[in-house]
Amino acid sequence: MDFINAIILLLNYTVIPALTYGSQLALGAIFVTLVYGILRFANFATGDMMSFGTMVAVLLTFYFQSLGISFGFLPTALLTIAPAILAMIFYMLFIDKFVFSYYRIKKSPPVQLAMVSVGVMFVTQAIIRIIIGPFDRRFFDGEKFILKANEFKEMTGLNEGLTIKSTQAITIFVTVIVVSIMFWFLNKTKTGTSMRAYSDNEDLALLSGIDPKKVVLITWIIAGILATIGGVLYGLDKSYRPFVYFNNMLPIFAAAIVGGIGNPFGAFLGGYVIAFAEILVTYAYKKFFTYLLPEALEPDSLVQLLSTDYKFAVSFSILVIVLLFRPSGIFKGKTL
Amino acid sequence: MMQHKNIIIAYSIMIFLITAVGILQSWTIALTILNYCLISAVMTIGANIQWGYAGLINFGIMGYTALGGLAAVLVNVPPVKEAWKAGGSGMVVSLILIIFGVYIIRAVLRKFENSKKRNYIVAAIIIIGFVIIRYISGPAIENIEAVDPAKTGFLGGLGLPIIFSWIVGGLFAAGIALIVGKIALGLRADYLAIATLLIAEIIVSIIKHEDWLARGVKNVIGLKRPVPYEVDLQGSTWFIDLVEKFHSKKLDLITSLSDRQDVLNQLVIDASSVYVKLCLAGLFLSVVIILLILTQKALYSPWGRKMRAIRDNEVAANAMGKNVVKEHLLIFILGSAIVGIAGAMMVTNDGLFTPGSYRPMRYTFVIWVMVIVGGTGNNFGAILGGFVVWFLWVEAAPIALFFINFFTAHLEETNAVKQHLIQSAAYFRFLLVGIGLLIIMRYRPKGLIPEKINIK
């Protein structure tokens with residue numbers, strides 16, 4: 001019984017939160033990796049682009065709520081994702097037309113494009129703060145829990161409760177669907193194949209008649225979908241605050257590089273690697289060991305490797321280790 | 001003379017703008033802006049020798065600034081004796097163990113060939129060492145942080161004048177830059193940017209959360225200035241006499257003796273804060289000038305030519321027998337050290353150390369905008385960039401407010417859009433700086449004052 005209790009404890013406090021956080025990171029990391037692979041630059045506006053899409057969803061959610069529209073037991077924000085994606089794609093294409101395309105056609109070095117993306121980051125951040133302000137906003141509504149700790153305890157008779165928040169279930173569910181559709185698109189359709197070809201070898205792809213404009217357009221559309229969904233899911237699970245989204249760019253970058261930048265599947269797994277590392281390293285295992293070990297051996301301290309303050313630092317350290325020993329990422333992306 | 005015309009015009013405009021702030025707003029504000037401009041200028045010199053001379057992207061400026069600030073605390077604050085008694089020995093033992101561990105790892109790395117076995121041994125040493133150090137330092141840290149936590153709760157520093165910290169800050173930054181450079185410099189440019197940014201985040205989060213070191217997010221206040229304090233100035237007769245002499249015409253017009261005394265008192269209070277800021281500005285300006293002379297000399301020396309050769313064509317420079325890796329590491333360390341100096345100067349200027357305020361937006365990206373707007377590879381340009389961008393960053397809110405009022409003049413005061421815009425005037429600084437960066441990158445990619453190399 002103690003063994004099951006220990007497993008449930010781990011599930012409740014590490015596995016489920018890590019799967020949720022990992023899904024959110026994974027969506028962002030695929031966004032980074034696609035932009036890197038096809039448009040060939042490190043997009044420092046990643047976090048703020050996600051923030052922009054989420055902002056639209058938040059504003060629409062508030063509007064829908066004022067109209068009295070709701071989505072039953074699901075959060076209203078899910079209804080607003082589609083228009084938010086449209087707004088996001090429109091914004092991205094606008095930025096691309098007036099900012100990025102110039103450097104792409106000129107074939108500027110990637111560094112210059114990265115710098116330009118810093119400019120875009122500033123502008124996006126300004127727009128967001130002017131429209132919605134820098135404050136913390138919660139826009140989650142609907143049923144909060146799918147499974148409550150008490151119910152679980154009653155059901156199974158165990159000591160430990162298992163809580164599943166609806167946002168966690170929604171996040172994992174939506175991520176699985178979006179990512180499967182995206183991989184199907186990239187691997188099985190003709191457009192997807194042409195995108196991968198463009199990513200692998202631009203000149204050869206152009207020679208074989210692939211239209212670069214179309215590839216870029218599709219890339220931004222997929223990027224817009226991923227960024228908005230990732231951002232909204234994160235906002236539903238925690239809360240929406242522009243500064244936090246900007247900061248999330250860093251673990252997302254870490255996930256993309258750990259997974260091998262330019263490799264979408266690697267980025268997807270990288271998100272989970274980062275999330276699990278952050279949570280497993282900063283979790284206090286005291287109770288876990290109390291269940292497993294005989295009384296004499298029970299630990300006195302918290303059995304925590306690092307305090308939770310160092311959550312971010314853990315993911316960055318993993319990145320540094322990966323850069324040192326396997327610069328192309330765990331799952332082999334483009335060579336550096 | 002002709003070739004310097006642009007530089008002279010640009011700097012004259014800048015001086016004129018700061019003077020205008022002095023006349024229109026107040027001299028205290030103008031001098032505060034000037035001081036920050038000078039500090040930013042030091043940072044941009046540091047970033048510019050990395051990016052402009054050698055083409056290295058260092059997005060870790062935030063981390064080195066924070067290290068400089070940490071140095072200011074560790075040099076200036078008097079040592080906390082009780083804390084040393086409570087846990088000093090534990091911390092010293094831990095430090096010795098860390099150094100010992102590093103030596104063992106180095107020995108292992110030398111002794112074994114590059115293999116899986118070696119990696120496992122190194123990993124095992126790190127994990128075992130980590131556990132031992134946590135076991136020793138854990139209680140020590142708890143004891144230290146328990147010593148009067150509202151006021152101290154940390155080991156304190158050396159109690160030396162803060163001006164020494166400018167050198168120590170540079171050394172701290174250089175030491176960390178050596179490690180970071182060894183890890184990250186082999187990476188391609190945009191990876192280097194990401195890696196340095198993330199490492200800087202690690203540095204800042206350590207400074208933020210290790211309370212025994214510098215109180216973490218509880219902040220250290222009341223650092224001693226290298227210049228006189230306002231209160232002392234207001235009490236000293238020579239200063240009052242000086243102010244009286246300076247304003248004698250204005251004071252002579254007032255006949256009533258008590259009125260005259262009141263006006264004089266007010267003038268002395270104003271003048272004291274201006275005087276303090278002027279002293280700081282003098283110190284900062286001398287640092288900027290010294291660095292400018294040194295970097296200009298370096299730029300035109302054989303070493304500077306070598307750096308440019310490496311920047312422009314790494315392969316060719318390598319083929320000519322230049323040690324690219326070594327030179328990159330050297331310039332990475334030098335640039336970071338200069339940023340560290342700037343970090344210590346900034347804490348000197350503020351008189352307090354707030355680790356929570358080190359954020360990548362303000363301390364990495366704005367500094368980079370300065371370098372790019374000013375002119376990469378040109379020190380005068382980089383300094384000008386520091387001035388222009390910092391000026392815009394500070395004055396953007398008043399300027400935005402002016403335009404908002406101008407364009408919404410026909411709307412009523414209660415109009416929701418107008419009120420919302422006025423409330424968010426402060427965020428127009430991001431817009432202004434972002435659009436400025438985009439325009440410069442597009443139409444003047446080499447910056448306001450571009451790099452010009454004259455071979456004499």
# chains A, B, ... in the order shown; residues from 1 in each chain; ligands from 1
>>> residues_around(residues="range 206-209 of chain B", least_positions_apart="4", cutoff="8 Å", atoms="only C-alpha atoms", output="list in words")
Asp309 and Tyr310 of chain A; Ala66, Leu70, Ile202, Leu213, Ala214, Arg215, Gly216, Val217, Pro355 and Gly356 of chain B
>>> write_last_selection(atoms="C-alpha atoms", output="mmCIF file, in the first residue's frame")
data_model
loop_
_atom_site.group_PDB
_atom_site.id
_atom_site.type_symbol
_atom_site.label_atom_id
_atom_site.label_comp_id
_atom_site.auth_asym_id
_atom_site.auth_seq_id
_atom_site.Cartn_x
_atom_site.Cartn_y
_atom_site.Cartn_z
ATOM 1 C CA ASP A 309 14.079 29.210 -6.543
ATOM 2 C CA TYR A 310 16.481 27.562 -8.953
ATOM 3 C CA ALA B 66 25.005 42.011 -11.527
ATOM 4 C CA LEU B 70 27.807 42.180 -6.076
ATOM 5 C CA ILE B 202 21.854 31.461 -13.836
ATOM 6 C CA LEU B 213 26.114 36.227 0.076
ATOM 7 C CA ALA B 214 24.387 39.556 -0.445
ATOM 8 C CA ARG B 215 20.974 39.249 1.208
ATOM 9 C CA GLY B 216 19.377 38.179 -2.092
ATOM 10 C CA VAL B 217 16.084 39.831 -2.914
ATOM 11 C CA PRO B 355 19.300 41.772 -7.314
ATOM 12 C CA GLY B 356 15.623 41.540 -8.251
#
>>> residues_around(residues="range 291-297 of chain B", least_positions_apart="6", cutoff="12 Å", atoms="only C-alpha atoms", output="PyMOL selection string")
chain B and resi 38-39+41-50+52-53+284-285+303-305+331+334-335+337-339+341-342+377-383+453
>>> residues_around(residues="Pro75 in chain A", least_positions_apart="5", cutoff="12 Å", atoms="only C-alpha atoms", output="list in words")
Ala57, Val58, Thr61, Phe62, Phe64, Gln65, Ile69, Ser70, Thr80, Ile81, Arg138, Phe139, Phe140, Asp141, Gly142, Glu143, Lys144, Phe145, Ser166, Thr167, Ile170, Thr171, Val232, Leu233, Gly235, Leu236 and Asp237 of chain A
>>> write_last_selection(atoms="N, CA and C atoms", output="short mmCIF file (atom, residue, chain, number, x, y, z; two decimals), in the first residue's frame")
data_model
loop_
_atom_site.label_atom_id
_atom_site.label_comp_id
_atom_site.auth_asym_id
_atom_site.auth_seq_id
_atom_site.Cartn_x
_atom_site.Cartn_y
_atom_site.Cartn_z
N ALA A 57 -6.71 36.41 -26.99
CA ALA A 57 -7.63 35.43 -26.42
C ALA A 57 -8.21 35.94 -25.10
N VAL A 58 -7.36 36.57 -24.28
CA VAL A 58 -7.82 37.06 -22.98
C VAL A 58 -8.88 38.14 -23.18
N THR A 61 -12.02 36.64 -24.35
CA THR A 61 -12.68 35.91 -23.27
C THR A 61 -13.48 36.87 -22.40
N PHE A 62 -12.85 38.00 -22.04
CA PHE A 62 -13.55 38.98 -21.21
C PHE A 62 -14.79 39.49 -21.95
N PHE A 64 -16.53 37.90 -24.31
CA PHE A 64 -17.54 36.83 -24.33
C PHE A 64 -18.23 36.72 -22.98
N GLN A 65 -17.42 36.83 -21.92
CA GLN A 65 -18.00 36.72 -20.58
C GLN A 65 -19.00 37.84 -20.35
N ILE A 69 -21.64 34.60 -22.96
CA ILE A 69 -21.38 33.35 -23.69
C ILE A 69 -20.42 32.51 -22.86
N SER A 70 -20.71 31.23 -22.72
CA SER A 70 -19.73 30.38 -22.03
C SER A 70 -19.69 29.04 -22.74
N THR A 80 -12.16 31.19 -27.83
CA THR A 80 -11.51 32.36 -28.42
C THR A 80 -10.20 32.02 -29.11
N ILE A 81 -9.78 30.75 -29.00
CA ILE A 81 -8.47 30.42 -29.58
C ILE A 81 -8.46 30.66 -31.09
N ARG A 138 -6.27 36.68 -14.68
CA ARG A 138 -6.74 35.30 -14.72
C ARG A 138 -7.98 35.27 -15.61
N PHE A 139 -7.98 34.38 -16.55
CA PHE A 139 -9.14 34.34 -17.45
C PHE A 139 -9.74 32.94 -17.52
N PHE A 140 -9.37 32.15 -16.51
CA PHE A 140 -9.89 30.79 -16.50
C PHE A 140 -11.30 30.78 -15.91
N ASP A 141 -12.21 30.07 -16.56
CA ASP A 141 -13.52 29.86 -15.94
C ASP A 141 -13.95 28.43 -16.26
N GLY A 142 -15.12 28.05 -15.80
CA GLY A 142 -15.57 26.67 -16.00
C GLY A 142 -15.16 25.80 -14.83
N GLU A 143 -15.30 24.51 -15.02
CA GLU A 143 -15.02 23.55 -13.95
C GLU A 143 -13.53 23.53 -13.66
N LYS A 144 -13.16 23.60 -12.37
CA LYS A 144 -11.75 23.71 -12.06
C LYS A 144 -11.05 22.35 -11.98
N PHE A 145 -11.73 21.36 -11.41
CA PHE A 145 -11.07 20.06 -11.22
C PHE A 145 -11.82 18.97 -11.98
N SER A 166 -8.58 20.62 -14.49
CA SER A 166 -9.06 20.52 -15.86
C SER A 166 -8.09 21.18 -16.82
N THR A 167 -7.39 22.24 -16.36
CA THR A 167 -6.42 22.88 -17.27
C THR A 167 -5.31 21.91 -17.63
N ILE A 170 -6.75 19.52 -20.19
CA ILE A 170 -6.94 20.22 -21.47
C ILE A 170 -5.60 20.43 -22.15
N THR A 171 -4.60 20.88 -21.37
CA THR A 171 -3.29 21.15 -21.96
C THR A 171 -2.72 19.91 -22.64
N VAL A 232 -2.02 30.36 -24.76
CA VAL A 232 -3.31 30.31 -24.07
C VAL A 232 -3.32 29.19 -23.05
N LEU A 233 -2.74 28.03 -23.41
CA LEU A 233 -2.73 26.92 -22.45
C LEU A 233 -1.93 27.28 -21.21
N GLY A 235 -1.43 30.30 -20.07
CA GLY A 235 -2.19 31.31 -19.35
C GLY A 235 -3.35 30.71 -18.57
N LEU A 236 -4.01 29.72 -19.17
CA LEU A 236 -5.13 29.07 -18.47
C LEU A 236 -4.62 28.35 -17.22
N ASP A 237 -3.48 27.66 -17.39
CA ASP A 237 -2.96 26.85 -16.30
C ASP A 237 -2.44 27.73 -15.17
#
>>> closest_atom_pairs(of="chain B", to="chain A", cutoff="7 Å", atoms="only C-alpha atoms", output="Markdown table")
| residue | atom | partner | partner_atom | distance |
| --- | --- | --- | --- | --- |
| B:Ile183 | CA | A:Leu324 | CA | 6.6 |
| B:Leu187 | CA | A:Leu336 | CA | 6.8 |
| B:Arg188 | CA | A:Leu336 | CA | 6.1 |
| B:Ala189 | CA | A:Val111 | CA | 6.4 |
| B:Asp190 | CA | A:Val111 | CA | 5.8 |
| B:Leu198 | CA | A:Phe316 | CA | 5.8 |
| B:Ile199 | CA | A:Phe316 | CA | 6.9 |
| B:Ile202 | CA | A:Ala313 | CA | 5.0 |
| B:Ser205 | CA | A:Tyr310 | CA | 6.8 |
| B:His209 | CA | A:Asp309 | CA | 6.7 |
| B:Ser424 | CA | A:Ile130 | CA | 5.5 |
| B:Tyr427 | CA | A:Ala126 | CA | 5.7 |
| B:Phe428 | CA | A:Ala126 | CA | 6.2 |
| B:Phe430 | CA | A:Ala126 | CA | 5.0 |
| B:Leu431 | CA | A:Val123 | CA | 4.8 |
| B:Gly434 | CA | A:Gly119 | CA | 4.6 |
| B:Ile435 | CA | A:Val123 | CA | 6.6 |
| B:Leu437 | CA | A:Gly119 | CA | 5.7 |
| B:Leu438 | CA | A:Gly119 | CA | 5.6 |
>>> atom_distance(atom1="CA of Asn58 in chain B", atom2="CA of Thr364 in chain B")
8.7 Å
>>> closest_residue(among="B:Gly169, B:Pro450, B:Gly63, B:Pro161", to="Ile203 in chain B", atoms="only C-alpha atoms")
B:Gly63
>>> atom_distance(atom1="CA of Val32 in chain A", atom2="CA of Ile218 in chain A")
14.7 Å
>>> atom_distance(atom1="CA of Lys224 in chain B", atom2="CA of Ala86 in chain B")
25.7 Å
>>> closest_residue(among="B:Ile221, B:Ile18, B:Ile404, B:Val231", to="Ala271 in chain B", atoms="only C-alpha atoms")
B:Val231
>>> residues_around(residues="Arg429 in chain B", least_positions_apart="5", cutoff="7 Å", atoms="only C-alpha atoms", output="VMD selection string")
chain B and resid 393 396 to 397
>>> write_last_selection(atoms="C-alpha atoms", output="PDB file, in the first residue's frame")
ATOM      1  CA  TRP B 393      14.375  55.481 -22.564  1.00  0.00           C
ATOM      2  CA  ALA B 396       9.997  58.611 -23.738  1.00  0.00           C
ATOM      3  CA  ALA B 397       7.217  58.825 -21.176  1.00  0.00           C
TER       4      ALA B 397
END
>>> select_by_dssp(residues="range 82-255 of chain A", states="helix (DSSP H, G or I)", output="PyMOL selection string")
chain A and resi 82-106+110-132+149-156+166-188+190-200+202-207+212-237+242-255
